[in-house]
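query26.cif (mmCIF, C-alpha atoms) appears below.
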data_run
loop_
_atom_site.label_atom_id
_atom_site.label_comp_id
_atom_site.auth_asym_id
_atom_site.auth_seq_id
_atom_site.Cartn_x
_atom_site.Cartn_y
_atom_site.Cartn_z
CA MET A 127 28.89 10.95 -7.12
CA LYS A 128 25.77 12.05 -8.99
CA ASN A 129 24.03 8.72 -8.28
CA ALA A 130 25.01 8.87 -4.63
CA LEU A 131 23.52 12.35 -4.34
CA LEU A 132 20.30 11.15 -5.98
CA ILE A 133 19.98 8.31 -3.47
CA LEU A 134 20.62 10.67 -0.56
CA ILE A 135 17.95 13.07 -1.80
CA THR A 136 15.54 10.18 -2.34
CA LEU A 137 15.98 8.77 1.16
CA VAL A 138 15.68 12.18 2.81
CA PHE A 139 12.57 12.84 0.73
CA LEU A 140 11.03 9.49 1.68
CA SER A 141 11.92 9.82 5.37
CA SER A 142 9.54 12.79 5.68
CA CYS A 143 6.59 10.38 5.86
CA ASP A 144 5.17 9.22 9.15
CA GLY A 145 2.46 6.56 9.20
CA ASN A 146 1.37 7.71 12.63
CA GLN A 147 -0.06 10.91 11.17
CA TYR A 148 -2.95 8.93 9.72
CA LEU A 149 -6.27 8.67 11.49
CA GLU A 150 -6.10 6.13 14.30
CA ASP A 151 -9.48 4.44 13.78
CA GLY A 152 -8.94 3.52 10.14
CA GLY A 153 -11.83 5.69 9.00
CA LEU A 154 -12.15 8.82 6.92
CA SER A 155 -9.52 11.53 6.78
CA VAL A 156 -11.03 13.73 4.08
CA ALA A 157 -14.32 12.44 2.65
CA LYS A 158 -14.03 14.24 -0.69
CA VAL A 159 -11.12 15.85 -2.50
CA ASP A 160 -11.79 17.98 -5.56
CA MET A 161 -9.01 16.57 -7.73
CA SER A 162 -8.03 13.39 -9.52
CA THR A 163 -6.55 10.45 -7.65
CA VAL A 164 -3.03 11.06 -8.92
CA ASP A 165 -3.25 14.82 -8.25
CA PHE A 166 -4.29 13.97 -4.69
CA PHE A 167 -1.19 11.82 -4.34
CA ARG A 168 0.95 14.67 -5.68
CA SER A 169 -0.57 17.07 -3.15
CA HIS A 170 -0.11 14.82 -0.12
CA GLU A 171 3.20 14.79 1.74
CA GLN A 172 2.88 11.08 2.53
CA LEU A 173 1.81 9.97 -0.96
CA ASP A 174 3.79 12.18 -3.33
CA THR A 175 6.44 9.51 -3.95
CA LEU A 176 3.69 7.18 -5.17
CA ALA A 177 2.76 9.83 -7.73
CA ILE A 178 6.36 9.78 -9.01
CA LEU A 179 6.25 6.00 -9.44
CA ILE A 180 2.93 6.23 -11.29
CA GLU A 181 4.46 8.81 -13.64
CA ASN A 182 7.60 6.67 -14.11
CA ALA A 183 5.41 3.69 -15.01
CA GLY A 184 3.31 5.73 -17.45
CA MET A 185 0.18 4.62 -15.58
CA GLU A 186 -1.48 7.93 -14.69
CA ASP A 187 -4.53 7.13 -16.83
CA VAL A 188 -4.89 3.77 -15.08
CA PHE A 189 -4.88 5.29 -11.60
CA ASN A 190 -7.20 8.09 -12.71
CA GLY A 191 -9.84 5.69 -13.98
CA SER A 192 -13.21 5.03 -12.38
CA ASN A 193 -11.74 2.65 -9.86
CA THR A 194 -10.45 1.98 -6.36
CA VAL A 195 -6.82 2.43 -5.38
CA PHE A 196 -5.11 0.98 -2.31
CA ALA A 197 -2.25 3.44 -1.94
CA PRO A 198 1.17 2.52 -0.51
CA ASN A 199 2.54 5.60 1.20
CA ASN A 200 6.06 7.00 1.19
CA LEU A 201 7.16 4.76 4.05
CA SER A 202 6.04 1.64 2.15
CA ILE A 203 8.15 2.78 -0.81
CA ARG A 204 11.10 3.62 1.42
CA ASN A 205 10.89 0.11 2.93
CA TYR A 206 11.14 -1.31 -0.60
CA ILE A 207 14.12 0.82 -1.58
CA LEU A 208 16.05 0.06 1.61
CA SER A 209 15.33 -3.68 1.30
CA ASN A 210 16.65 -3.73 -2.26
CA LEU A 211 19.66 -1.67 -1.26
CA ALA A 212 20.49 -4.01 1.64
CA GLU A 213 20.24 -7.03 -0.66
CA LEU A 214 22.49 -5.48 -3.29
CA ARG A 215 25.08 -4.49 -0.69
CA GLU A 216 25.45 -8.06 0.50
CA SER A 217 27.48 -8.67 -2.65
CA ASP A 218 28.60 -5.10 -3.36
CA PRO A 219 29.10 -2.75 -0.37
CA LEU A 220 29.10 0.24 -2.72
CA ALA A 221 25.87 -0.68 -4.54
CA GLU A 222 23.28 2.04 -5.01
CA PHE A 223 19.51 1.86 -5.42
CA GLY A 224 16.98 4.70 -5.58
CA LEU A 225 13.57 5.53 -6.98
CA ASN A 226 14.79 5.76 -10.55
CA ASP A 227 16.50 2.37 -10.26
CA ILE A 228 13.22 0.47 -9.94
CA PRO A 229 13.01 -1.38 -13.28
CA MET A 230 10.23 -0.38 -15.65
CA ASP A 231 9.07 -3.98 -16.00
CA THR A 232 8.73 -4.20 -12.21
CA LEU A 233 6.62 -1.05 -12.14
CA THR A 234 4.36 -2.08 -15.00
CA LYS A 235 3.96 -5.60 -13.59
CA TYR A 236 3.15 -4.75 -9.99
CA MET A 237 1.75 -1.21 -9.77
CA GLY A 238 -1.57 -2.47 -11.11
CA GLY A 239 -1.86 -4.71 -8.07
CA TYR A 240 -3.15 -1.70 -6.14
CA VAL A 241 -5.92 -0.78 -8.60
CA PHE A 242 -9.39 -2.36 -8.80
CA ASP A 243 -12.27 -1.72 -11.18
CA GLY A 244 -15.28 0.10 -9.73
CA LYS A 245 -15.65 2.08 -6.54
CA ILE A 246 -15.19 -0.19 -3.53
CA LYS A 247 -16.00 1.55 -0.25
CA ARG A 248 -15.61 0.20 3.26
CA GLU A 249 -19.40 -0.11 3.55
CA ASN A 250 -19.28 -2.55 0.59
CA MET A 251 -16.95 -4.90 2.48
CA THR A 252 -17.65 -7.78 4.86
CA GLN A 253 -15.79 -9.32 7.76
CA GLU A 254 -15.15 -12.49 5.78
CA GLY A 255 -13.88 -10.40 2.88
CA GLN A 256 -14.27 -10.78 -0.86
CA ILE A 257 -11.66 -11.76 -3.42
CA TYR A 258 -11.11 -9.09 -6.07
CA THR A 259 -8.91 -9.21 -9.16
CA ALA A 260 -6.58 -6.24 -9.48
CA ASN A 261 -5.68 -4.40 -12.68
CA ASN A 262 -2.57 -6.59 -13.16
CA GLY A 263 -4.53 -9.84 -12.80
CA GLU A 264 -3.45 -10.61 -9.23
CA GLU A 265 -6.02 -11.38 -6.55
CA ARG A 266 -6.51 -9.60 -3.23
CA ARG A 267 -8.93 -10.14 -0.38
CA LEU A 268 -10.57 -6.90 0.79
CA SER A 269 -12.31 -7.04 4.15
CA LEU A 270 -13.71 -4.93 6.98
CA GLU A 271 -12.91 -6.50 10.33
CA PRO A 272 -13.27 -5.50 13.97
CA VAL A 273 -9.98 -4.98 15.78
CA ALA A 274 -9.54 -5.24 19.54
CA ALA A 275 -8.62 -1.65 20.34
CA TYR A 276 -9.57 1.05 22.84
CA THR A 277 -10.64 -1.65 25.30
CA GLY A 278 -12.78 -0.17 28.05
CA GLN A 279 -13.39 3.01 26.08
CA LEU A 280 -15.79 1.74 23.41
CA GLU A 281 -18.76 -0.62 23.59
CA ALA A 282 -17.74 -2.29 20.32
CA TYR A 283 -14.40 -2.74 18.57
CA PRO A 284 -13.72 -0.36 15.66
CA ASP A 285 -13.80 -1.82 12.14
CA TYR A 286 -10.69 -1.62 9.97
CA VAL A 287 -10.27 -2.27 6.26
CA PHE A 288 -7.66 -4.93 5.42
CA PHE A 289 -5.79 -5.61 2.18
CA THR A 290 -4.61 -9.24 1.95
CA TYR A 291 -2.15 -11.03 -0.34
CA LYS A 292 -2.53 -14.77 -0.96
CA VAL A 293 0.35 -17.02 0.08
CA GLY A 294 0.42 -20.39 -1.65
CA ALA A 295 -2.10 -21.86 -4.06
CA ASP A 296 -5.25 -21.30 -2.00
CA TRP A 297 -6.66 -18.55 0.17
CA ASP A 298 -6.66 -19.12 3.93
CA ALA A 299 -10.05 -19.23 5.62
CA TRP A 300 -10.78 -15.69 6.79
CA ASP A 301 -10.82 -16.81 10.45
CA SER A 302 -7.84 -19.19 10.22
CA ASN A 303 -5.29 -19.21 13.01
CA ILE A 304 -2.16 -20.13 11.07
CA GLN A 305 0.91 -19.26 13.13
CA ASP A 306 3.66 -19.88 10.55
CA GLU A 307 4.41 -16.48 9.02
CA ASP A 308 5.74 -18.16 5.87
CA GLU A 309 2.49 -20.05 5.31
CA LYS A 310 -0.32 -17.66 6.14
CA ASP A 311 -1.73 -15.01 3.85
CA ARG A 312 -0.28 -11.54 4.42
CA LYS A 313 -2.84 -9.08 5.73
CA PHE A 314 -2.19 -5.33 5.83
CA LEU A 315 -4.10 -2.62 7.66
CA ILE A 316 -5.67 0.30 5.85
CA ARG A 317 -4.88 3.39 7.86
CA THR A 318 -7.24 5.79 6.08
CA SER A 319 -10.22 4.67 4.00
CA ASN A 320 -12.96 6.02 1.72
CA ILE A 321 -11.24 9.11 0.38
CA GLU A 322 -13.22 10.14 -2.70
CA SER A 323 -11.36 11.78 -5.57
CA ASN A 324 -13.05 13.14 -8.68
CA ASN A 325 -12.64 9.77 -10.38
CA GLY A 326 -12.48 7.08 -7.74
CA ILE A 327 -11.98 5.82 -4.18
CA ILE A 328 -8.68 5.82 -2.28
CA HIS A 329 -7.68 3.68 0.70
CA VAL A 330 -4.22 4.31 2.20
CA LEU A 331 -2.12 1.42 3.48
CA GLN A 332 -0.37 1.77 6.80
CA GLY A 333 3.26 2.36 5.90
CA ASP A 334 5.01 0.80 8.87
CA GLY A 335 3.43 -2.58 8.17
CA HIS A 336 3.53 -2.75 4.38
CA THR A 337 6.38 -2.77 1.88
CA LEU A 338 5.77 -1.74 -1.73
CA PHE A 339 4.79 -4.74 -3.91
CA ASP A 340 4.76 -6.85 -0.71
CA TYR A 341 8.50 -7.19 -1.28
CA THR A 342 10.17 -9.60 1.12
CA ARG A 343 13.75 -10.75 1.12
CA ASP A 344 14.44 -14.50 1.14
#

What would the structure in this file look like if it were written as C-alpha coordinates?
Amino acid sequence: MKNALLILITLVFLSSCDGNQYLEDGGLSVAKVDMSTVDFFRSHEQLDTLAILIENAGMEDVFNGSNTVFAPNNLSIRNYILSNLAELRESDPLAEFGLNDIPMDTLTKYMGGYVFDGKIKRENMTQEGQIYTANNGEERRLSLEPVAAYTGQLEAYPDYVFFTYKVGADWDAWDSNIQDEDEKDRKFLIRTSNIESNNGIIHVLQGDGHTLFDYTRD
(Lines of atoms letter the chains of each structure in order from A and count residues from 1; the text may use other names and numbers.)
(Lines give C-alpha, C1' and ligand atoms only; values in the text may rest on other atoms or scores of the structure.)
Protein backbone atom coordinates (compact mmCIF):
# COMPACT_ATOMS: atom_id res chain seq x y z
CA MET A 1 0.00 0.00 0.00
CA LYS A 2 2.86 2.36 0.86
CA ASN A 3 4.53 1.73 -2.52
CA ALA A 4 1.26 2.24 -4.36
CA LEU A 5 0.76 5.57 -2.62
CA LEU A 6 4.30 6.64 -3.55
CA ILE A 7 3.66 5.85 -7.22
CA LEU A 8 0.37 7.75 -7.15
CA ILE A 9 2.06 10.80 -5.62
CA THR A 10 4.89 10.55 -8.15
CA LEU A 11 2.59 10.43 -11.16
CA VAL A 12 0.41 13.28 -9.91
CA PHE A 13 3.57 15.29 -9.22
CA LEU A 14 4.96 14.59 -12.70
CA SER A 15 1.65 15.28 -14.46
CA SER A 16 1.85 18.93 -13.40
CA CYS A 17 4.33 19.60 -16.22
CA ASP A 18 3.22 20.90 -19.58
CA GLY A 19 5.74 21.20 -22.41
CA ASN A 20 3.53 23.75 -24.12
CA GLN A 21 4.34 26.33 -21.46
CA TYR A 22 7.81 26.72 -22.94
CA LEU A 23 8.63 29.48 -25.38
CA GLU A 24 7.38 28.62 -28.86
CA ASP A 25 10.38 29.83 -30.88
CA GLY A 26 12.98 27.75 -29.07
CA GLY A 27 14.81 30.85 -27.84
CA LEU A 28 15.43 32.40 -24.46
CA SER A 29 13.01 32.16 -21.57
CA VAL A 30 15.12 33.80 -18.86
CA ALA A 31 18.57 34.92 -20.01
CA LYS A 32 20.18 34.82 -16.56
CA VAL A 33 19.18 33.18 -13.30
CA ASP A 34 21.06 34.07 -10.13
CA MET A 35 21.42 30.52 -8.80
CA SER A 36 23.20 27.28 -9.58
CA THR A 37 21.97 24.96 -12.29
CA VAL A 38 20.55 22.42 -9.84
CA ASP A 39 18.91 25.14 -7.72
CA PHE A 40 17.27 26.44 -10.88
CA PHE A 41 15.88 22.97 -11.53
CA ARG A 42 14.58 22.82 -7.96
CA SER A 43 12.85 26.18 -8.39
CA HIS A 44 11.17 25.37 -11.70
CA GLU A 45 7.83 23.54 -11.73
CA GLN A 46 8.73 21.69 -14.93
CA LEU A 47 12.26 20.70 -13.91
CA ASP A 48 12.02 19.94 -10.20
CA THR A 49 11.78 16.17 -10.76
CA LEU A 50 15.12 16.32 -12.58
CA ALA A 51 16.61 17.86 -9.45
CA ILE A 52 15.37 14.86 -7.44
CA LEU A 53 17.05 12.44 -9.86
CA ILE A 54 20.30 14.40 -9.69
CA GLU A 55 20.19 14.20 -5.89
CA ASN A 56 19.36 10.47 -6.01
CA ALA A 57 22.35 9.90 -8.30
CA GLY A 58 24.67 11.93 -6.07
CA MET A 59 25.60 14.06 -9.10
CA GLU A 60 24.83 17.59 -7.91
CA ASP A 61 28.49 18.62 -8.19
CA VAL A 62 28.60 17.31 -11.76
CA PHE A 63 25.57 19.32 -12.86
CA ASN A 64 26.81 22.40 -11.01
CA GLY A 65 30.14 22.41 -12.81
CA SER A 66 31.25 24.90 -15.44
CA ASN A 67 29.36 23.12 -18.17
CA THR A 68 26.30 22.84 -20.38
CA VAL A 69 23.24 20.82 -19.42
CA PHE A 70 20.49 19.63 -21.76
CA ALA A 71 17.66 19.22 -19.28
CA PRO A 72 14.88 16.63 -19.63
CA ASN A 73 11.77 18.09 -18.07
CA ASN A 74 9.16 16.44 -15.85
CA LEU A 75 7.21 15.13 -18.83
CA SER A 76 10.32 13.39 -20.22
CA ILE A 77 10.79 11.70 -16.85
CA ARG A 78 7.11 10.79 -16.63
CA ASN A 79 7.36 9.19 -20.10
CA TYR A 80 10.23 7.05 -18.81
CA ILE A 81 8.40 5.94 -15.67
CA LEU A 82 5.20 5.06 -17.53
CA SER A 83 7.14 3.13 -20.20
CA ASN A 84 8.92 1.07 -17.56
CA LEU A 85 5.68 0.51 -15.70
CA ALA A 86 3.89 -0.67 -18.86
CA GLU A 87 6.73 -3.08 -19.63
CA LEU A 88 6.74 -4.53 -16.12
CA ARG A 89 2.96 -4.97 -16.16
CA GLU A 90 3.10 -7.11 -19.27
CA SER A 91 4.35 -9.91 -17.03
CA ASP A 92 2.95 -8.69 -13.69
CA PRO A 93 -0.30 -6.67 -13.75
CA LEU A 94 0.37 -5.51 -10.18
CA ALA A 95 3.94 -4.32 -10.81
CA GLU A 96 4.92 -0.91 -9.51
CA PHE A 97 7.55 1.56 -10.68
CA GLY A 98 8.22 5.10 -9.47
CA LEU A 99 11.01 7.64 -9.19
CA ASN A 100 12.76 5.82 -6.38
CA ASP A 101 12.68 2.56 -8.34
CA ILE A 102 15.08 3.82 -11.01
CA PRO A 103 18.25 1.79 -10.30
CA MET A 104 21.29 3.69 -9.08
CA ASP A 105 23.47 2.16 -11.78
CA THR A 106 21.03 3.43 -14.42
CA LEU A 107 21.17 6.94 -12.99
CA THR A 108 24.95 7.04 -12.71
CA LYS A 109 25.38 5.55 -16.19
CA TYR A 110 22.99 7.76 -18.12
CA MET A 111 22.47 11.05 -16.26
CA GLY A 112 25.87 12.23 -17.46
CA GLY A 113 24.62 11.97 -21.03
CA TYR A 114 22.98 15.37 -20.57
CA VAL A 115 26.11 17.19 -19.35
CA PHE A 116 28.89 18.62 -21.53
CA ASP A 117 32.12 20.37 -20.59
CA GLY A 118 32.28 24.10 -21.27
CA LYS A 119 29.53 26.59 -22.00
CA ILE A 120 27.86 25.75 -25.30
CA LYS A 121 25.40 28.42 -26.41
CA ARG A 122 23.10 28.37 -29.41
CA GLU A 123 25.29 30.98 -31.13
CA ASN A 124 28.18 28.46 -30.95
CA MET A 125 26.21 25.90 -32.96
CA THR A 126 25.91 25.32 -36.71
CA GLN A 127 23.23 23.92 -38.95
CA GLU A 128 25.35 20.86 -39.72
CA GLY A 129 25.95 20.37 -36.01
CA GLN A 130 29.01 19.28 -34.07
CA ILE A 131 29.61 16.01 -32.26
CA TYR A 132 30.28 16.48 -28.55
CA THR A 133 31.21 13.88 -25.94
CA ALA A 134 29.01 13.96 -22.85
CA ASN A 135 30.14 13.50 -19.26
CA ASN A 136 29.36 9.76 -19.42
CA GLY A 137 31.39 9.23 -22.60
CA GLU A 138 28.44 9.06 -24.99
CA GLU A 139 28.33 11.24 -28.09
CA ARG A 140 25.63 13.72 -29.08
CA ARG A 141 25.22 15.99 -32.08
CA LEU A 142 24.26 19.55 -31.10
CA SER A 143 22.94 21.73 -33.90
CA LEU A 144 21.04 24.93 -34.67
CA GLU A 145 18.67 24.39 -37.58
CA PRO A 146 15.93 26.39 -39.28
CA VAL A 147 12.46 24.91 -38.91
CA ALA A 148 9.58 25.57 -41.28
CA ALA A 149 7.22 27.40 -38.95
CA TYR A 150 5.07 30.54 -38.94
CA THR A 151 4.87 30.37 -42.74
CA GLY A 152 3.68 33.67 -44.16
CA GLN A 153 4.37 35.50 -40.91
CA LEU A 154 8.18 35.61 -40.97
CA GLU A 155 10.65 36.32 -43.76
CA ALA A 156 12.97 33.54 -42.54
CA TYR A 157 12.36 30.33 -40.61
CA PRO A 158 13.23 30.45 -36.89
CA ASP A 159 16.30 28.51 -35.74
CA TYR A 160 15.92 25.75 -33.18
CA VAL A 161 18.56 23.90 -31.18
CA PHE A 162 18.50 20.11 -31.60
CA PHE A 163 19.93 17.35 -29.41
CA THR A 164 20.62 14.17 -31.40
CA TYR A 165 21.40 10.58 -30.38
CA LYS A 166 23.35 8.32 -32.74
CA VAL A 167 21.64 5.16 -33.97
CA GLY A 168 23.99 2.48 -35.23
CA ALA A 169 27.75 2.63 -35.63
CA ASP A 170 27.98 5.87 -37.61
CA TRP A 171 26.33 9.27 -37.53
CA ASP A 172 23.82 10.05 -40.27
CA ALA A 173 24.68 12.93 -42.58
CA TRP A 174 23.08 16.03 -41.08
CA ASP A 175 20.85 16.47 -44.16
CA SER A 176 20.03 12.78 -44.66
CA ASN A 177 16.49 11.79 -45.52
CA ILE A 178 16.31 8.37 -43.88
CA GLN A 179 12.67 7.34 -43.49
CA ASP A 180 13.08 4.20 -41.36
CA GLU A 181 12.57 5.31 -37.77
CA ASP A 182 14.59 2.35 -36.52
CA GLU A 183 17.61 3.32 -38.62
CA LYS A 184 17.89 7.09 -38.44
CA ASP A 185 19.49 9.06 -35.63
CA ARG A 186 17.02 10.37 -33.06
CA LYS A 187 16.78 14.15 -33.04
CA PHE A 188 15.03 16.06 -30.25
CA LEU A 189 13.95 19.68 -30.15
CA ILE A 190 15.20 22.09 -27.52
CA ARG A 191 12.21 24.07 -26.33
CA THR A 192 14.11 26.72 -24.36
CA SER A 193 17.78 27.52 -24.88
CA ASN A 194 20.62 29.64 -23.46
CA ILE A 195 19.48 29.93 -19.86
CA GLU A 196 22.55 31.06 -17.90
CA SER A 197 22.92 29.87 -14.32
CA ASN A 198 25.72 30.99 -12.01
CA ASN A 199 27.85 28.07 -13.17
CA GLY A 200 26.77 27.07 -16.65
CA ILE A 201 24.34 27.01 -19.57
CA ILE A 202 20.97 25.23 -19.62
CA HIS A 203 18.96 24.07 -22.64
CA VAL A 204 15.58 22.44 -21.93
CA LEU A 205 14.37 19.52 -24.03
CA GLN A 206 10.80 19.49 -25.25
CA GLY A 207 9.06 16.99 -23.02
CA ASP A 208 6.39 15.66 -25.35
CA GLY A 209 9.02 14.46 -27.83
CA HIS A 210 11.74 13.13 -25.55
CA THR A 211 11.82 10.31 -23.02
CA LEU A 212 14.43 10.29 -20.26
CA PHE A 213 17.62 8.45 -21.35
CA ASP A 214 16.06 8.12 -24.82
CA TYR A 215 14.32 5.05 -23.42
CA THR A 216 12.41 3.08 -26.02
CA ARG A 217 10.64 -0.21 -25.59
CA ASP A 218 11.50 -3.04 -27.99

State, in Å with one decimal place, the distance from atom CA of Asn200 of chain A to atom CA of Gln172 of chain A.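 Result for atom CA of Asn200 of chain A versus atom CA of Gln172 of chain A: 5.3 Å, one decimal.
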
Could you list, as number ranges by chain, every residue matched by the PyMOL selection byres ((chain A and resi 273) around 6) in this structure? A: 272, 274-275, 283-284

Hits from the PyMOL selection byres ((chain A and resi 230-233) around 8), listed as a list in words: Leu179, Asn182, Ala183, Ile228, Pro229, Thr234, Lys235, Tyr236 and Met237 of chain A

Find, counting all atoms listed in the file, the residue in A:Asn261, A:Ile327, A:His336, A:Asp296 that gets nearest to Asp243 of chain A. A:Asn261

Between atom CA of Asn325 of chain A and atom CA of Ile180 of chain A, measure the distance and give it in Å to one decimal.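 Those two atoms sit 16.0 Å apart.
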